[in-house]
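The file entry35.txt contains compact mmCIF, C-alpha atoms:
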```txt
# COMPACT_ATOMS: atom_id res chain seq x y z
CA MET A 1 115.33 90.52 118.94
CA ILE A 2 113.97 93.71 117.40
CA ILE A 3 110.19 94.18 117.59
CA ILE A 4 108.63 96.50 115.02
CA ALA A 5 104.94 97.42 115.04
CA ILE A 6 103.56 98.52 111.69
CA ALA A 7 100.62 100.81 112.29
CA ASN A 8 98.50 103.64 111.05
CA GLN A 9 95.03 104.58 112.24
CA ARG A 10 93.92 104.87 108.65
CA GLY A 11 93.21 101.65 106.78
CA GLY A 12 94.41 100.88 103.29
CA VAL A 13 97.77 102.65 103.50
CA GLY A 14 99.89 99.52 103.31
CA GLU A 15 100.38 98.29 106.87
CA THR A 16 99.89 94.63 105.99
CA THR A 17 101.75 94.90 102.68
CA THR A 18 104.69 96.48 104.51
CA ALA A 19 104.63 93.83 107.25
CA VAL A 20 104.53 90.89 104.83
CA ASN A 21 107.09 92.25 102.36
CA LEU A 22 109.53 93.46 105.01
CA SER A 23 109.29 90.08 106.74
CA ALA A 24 109.95 88.23 103.49
CA ALA A 25 112.89 90.50 102.64
CA LEU A 26 114.46 89.91 106.04
CA VAL A 27 114.04 86.13 105.65
CA ARG A 28 115.79 86.35 102.28
CA SER A 29 118.62 88.14 104.12
CA LYS A 30 118.95 85.06 106.36
CA ARG A 31 117.16 86.62 109.34
CA ARG A 32 114.69 84.71 111.47
CA VAL A 33 111.38 86.59 111.41
CA LEU A 34 108.09 86.19 113.26
CA LEU A 35 105.10 88.07 111.88
CA VAL A 36 102.24 88.62 114.33
CA GLY A 37 98.90 89.28 112.65
CA LEU A 38 96.78 91.49 114.89
CA ASP A 39 94.50 92.95 112.21
CA ALA A 40 91.09 91.25 112.47
CA GLN A 41 90.82 91.17 108.67
CA GLY A 42 93.51 88.49 108.72
CA THR A 43 95.03 89.55 105.42
CA ALA A 44 98.62 88.78 106.43
CA THR A 45 97.58 85.33 107.61
CA SER A 46 95.55 84.47 104.52
CA HIS A 47 98.28 85.81 102.25
CA LEU A 48 101.12 83.88 103.91
CA GLN A 49 99.37 80.57 104.52
CA GLY A 50 96.42 80.65 102.13
CA ALA A 51 93.73 80.58 104.83
CA TYR A 52 92.84 81.92 108.25
CA GLY A 53 94.41 80.28 111.28
CA ALA A 54 92.52 77.41 112.91
CA ASP A 55 90.43 78.11 116.00
CA GLY A 56 92.51 77.47 119.10
CA ARG A 57 95.78 78.07 117.21
CA VAL A 58 95.76 81.83 116.61
CA ILE A 59 97.12 84.92 118.32
CA TYR A 60 93.67 85.51 119.86
CA ASN A 61 94.19 82.35 121.94
CA VAL A 62 97.60 83.58 123.06
CA LEU A 63 96.24 86.95 124.16
CA MET A 64 93.38 85.21 125.99
CA ARG A 65 95.97 82.91 127.65
CA GLN A 66 94.44 79.79 126.13
CA ALA A 67 97.64 78.86 124.26
CA THR A 68 101.30 79.80 124.20
CA LEU A 69 102.87 81.65 121.30
CA ARG A 70 105.02 78.63 120.42
CA GLN A 71 101.85 76.51 120.16
CA VAL A 72 100.31 78.75 117.50
CA ILE A 73 103.30 79.68 115.34
CA ALA A 74 103.09 78.34 111.79
CA ARG A 75 105.94 78.18 109.28
CA THR A 76 104.90 79.71 105.96
CA PRO A 77 106.16 78.88 102.44
CA PRO A 78 108.27 82.09 102.23
CA GLY A 79 110.00 81.01 105.48
CA VAL A 80 108.36 83.60 107.73
CA ASP A 81 107.17 82.28 111.07
CA LEU A 82 103.58 83.44 111.57
CA ALA A 83 101.41 83.96 114.63
CA PRO A 84 98.20 83.68 112.59
CA ASN A 85 94.80 85.12 113.24
CA ASN A 86 91.23 84.62 112.15
CA PRO A 87 87.91 86.47 112.58
CA SER A 88 87.98 85.77 116.35
CA MET A 89 90.24 88.86 116.61
CA SER A 90 87.23 91.09 115.96
CA SER A 91 85.81 90.26 119.40
CA LEU A 92 89.09 90.50 121.34
CA ASP A 93 88.49 94.02 122.69
CA SER A 94 85.22 93.01 124.34
CA ASP A 95 86.50 89.57 125.39
CA ILE A 96 89.57 90.97 127.16
CA ILE A 97 88.16 94.23 128.53
CA ASN A 98 88.14 93.12 132.17
CA GLU A 99 91.43 91.26 132.08
CA TYR A 100 94.29 92.48 134.25
CA ARG A 101 97.30 93.97 132.41
CA ARG A 102 95.89 93.06 129.01
CA GLU A 103 98.21 95.63 127.39
CA GLU A 104 101.27 93.60 128.44
CA ARG A 105 100.14 90.17 127.25
CA LEU A 106 101.70 90.43 123.80
CA LYS A 107 105.02 91.65 125.20
CA THR A 108 105.08 88.76 127.67
CA ALA A 109 104.19 86.23 124.96
CA LEU A 110 106.94 87.51 122.67
CA GLU A 111 109.55 86.99 125.38
CA GLU A 112 109.23 83.22 124.89
CA CYS A 113 110.24 83.58 121.22
CA ASP A 114 113.48 85.48 121.68
CA ASP A 115 115.24 83.26 119.13
CA ASN A 116 113.89 85.49 116.32
CA ASP A 117 116.00 88.28 114.90
CA TYR A 118 112.90 90.35 114.15
CA VAL A 119 109.24 90.40 115.09
CA MET A 120 106.89 92.31 112.79
CA ILE A 121 103.50 93.18 114.24
CA ASP A 122 100.76 93.92 111.71
CA CYS A 123 98.41 96.24 113.61
CA PRO A 124 94.74 96.93 112.91
CA PRO A 125 93.85 100.33 111.42
CA GLN A 126 92.43 101.71 114.67
CA LEU A 127 93.53 102.22 118.24
CA ALA A 128 92.37 98.93 119.71
CA THR A 129 93.60 96.84 122.64
CA THR A 130 95.84 94.95 120.23
CA THR A 131 97.34 98.19 118.91
CA VAL A 132 98.14 99.39 122.42
CA ALA A 133 99.64 95.96 123.17
CA ALA A 134 101.78 96.22 120.02
CA PHE A 135 103.02 99.70 120.97
CA THR A 136 103.83 98.42 124.45
CA ALA A 137 105.87 95.50 123.08
CA ALA A 138 107.58 97.28 120.19
CA ASP A 139 111.07 98.70 120.03
CA ALA A 140 110.00 100.80 117.04
CA VAL A 141 106.85 101.70 115.14
CA LEU A 142 106.85 101.95 111.36
CA ILE A 143 104.07 104.19 110.03
CA PRO A 144 103.17 103.72 106.36
CA VAL A 145 101.67 106.95 105.03
CA GLU A 146 100.02 107.68 101.71
CA TYR A 147 101.61 110.40 99.67
CA LYS A 148 98.75 112.86 100.24
CA PRO A 149 98.70 115.98 102.43
CA GLU A 150 95.58 114.83 104.32
CA ALA A 151 97.27 111.54 105.19
CA TRP A 152 99.78 113.43 107.33
CA GLU A 153 97.04 115.06 109.44
CA ALA A 154 96.61 111.96 111.63
CA VAL A 155 100.33 111.41 112.23
CA PRO A 156 100.74 113.77 115.25
CA ARG A 157 97.84 112.03 117.00
CA LEU A 158 99.38 108.65 116.18
CA PHE A 159 102.65 109.76 117.80
CA PHE A 160 100.72 110.53 120.99
CA ASP A 161 98.91 107.18 120.80
CA ILE A 162 102.26 105.41 120.43
CA GLU A 163 104.02 107.17 123.31
CA ASN A 164 101.17 107.14 125.83
CA PRO A 165 101.03 103.33 126.33
CA ARG A 166 104.80 103.01 126.01
CA ARG A 167 105.28 105.41 128.93
CA ARG A 168 102.69 103.62 130.97
CA TRP A 169 103.52 99.95 130.28
CA ARG A 170 107.17 99.73 129.21
CA ARG A 171 109.71 98.88 131.85
```

Just give me the structure as structure tokens.
Amino acid sequence: MIIIAIANQRGGVGETTTAVNLSAALVRSKRRVLLVGLDAQGTATSHLQGAYGADGRVIYNVLMRQATLRQVIARTPPGVDLAPNNPSMSSLDSDIINEYRREERLKTALEECDDNDYVMIDCPPQLATTTVAAFTAADAVLIPVEYKPEAWEAVPRLFFDIENPRRRWRR
């Protein structure tokens, strides 16, 4: 299983579009793909299944240890398996702040779904707990960047933000 986080600390550069389209392309190539929607806007979820995920059956519940990943995964019409989200993701940082090893929860949850060829993680456009968890779990990080000189200014900082949790939490 190859885990790819799709992230940029600048919104509107195509993180979700990349995650959804790359997932769909891999499914068309006969690969088994799980897309994990960590962006609180829930765009990947609403695009792939037409609505937000139901309370109690979203990635928030997995990260809060209220459900397992297998319990929340939904099959979407394009054939992508989806760990959906909903607006509850917007409170995750404050809800999980005192939890032990919160940065490793996504990595641990993904281990139970090792029958996927790929896992795409759609990250929020800021360095949040979920972003750090995605960097900790990921084998690679794909960074969509606008074709503008100023868009490249944040990339060196993003490299640091990717490597720092990976050094600390990866084993």

Calculate, to one decimal in Å, the centre and edge lengths of the box along x, y and z of the file that holds all listed atoms of segment 14-22 of chain A with 6 Å of margin on each side, and present them as AutoDock Vina command-line options.
```
--center_x 104.7 --center_y 95.2 --center_z 104.8 --size_x 21.6 --size_y 20.6 --size_z 16.9
```

Need to verify the contact set: Leu110 of chain A, 10 Å, only C-alpha atoms, exclusion of same-chain residues closer than 4 positions in sequence. Can you return it as a ChimeraX atom specification? /A:1,3,34,36,68-70,105-106,114-116,119,137

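Atom CA of Ile6 of chain A is positioned 5.9 Å from atom CA of Ile121 of chain A.
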
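When the distance limit is 8 Å and all atoms listed in the file are what count, the residues near Thr130 of chain A, minus those fewer than 6 positions from it on the same chain, are Leu38, Asp93, Glu103, Cys123 and Pro124 of chain A.
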
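When all atoms listed in the file are used to compute distances to Thr76 of chain A, the closest of the residues A:Gly56, A:Gly50, A:Gly14, A:Pro125 turns out to be A:Gly50.
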
List every protein, DNA or RNA residue that has an atom no more than 10 Å from (115.1, 86.9, 110.7) in the file's coordinate frame, counting only C-alpha atoms, and report them as a VMD selection string. chain A and resid 1 to 2 23 to 34 79 to 81 115 to 119

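Distances from A:Thr108, A:Ser46, A:Asn86, A:Gln126 to Arg65 of chain A were compared using all atoms listed in the file, and the smallest one belongs to A:Thr108.
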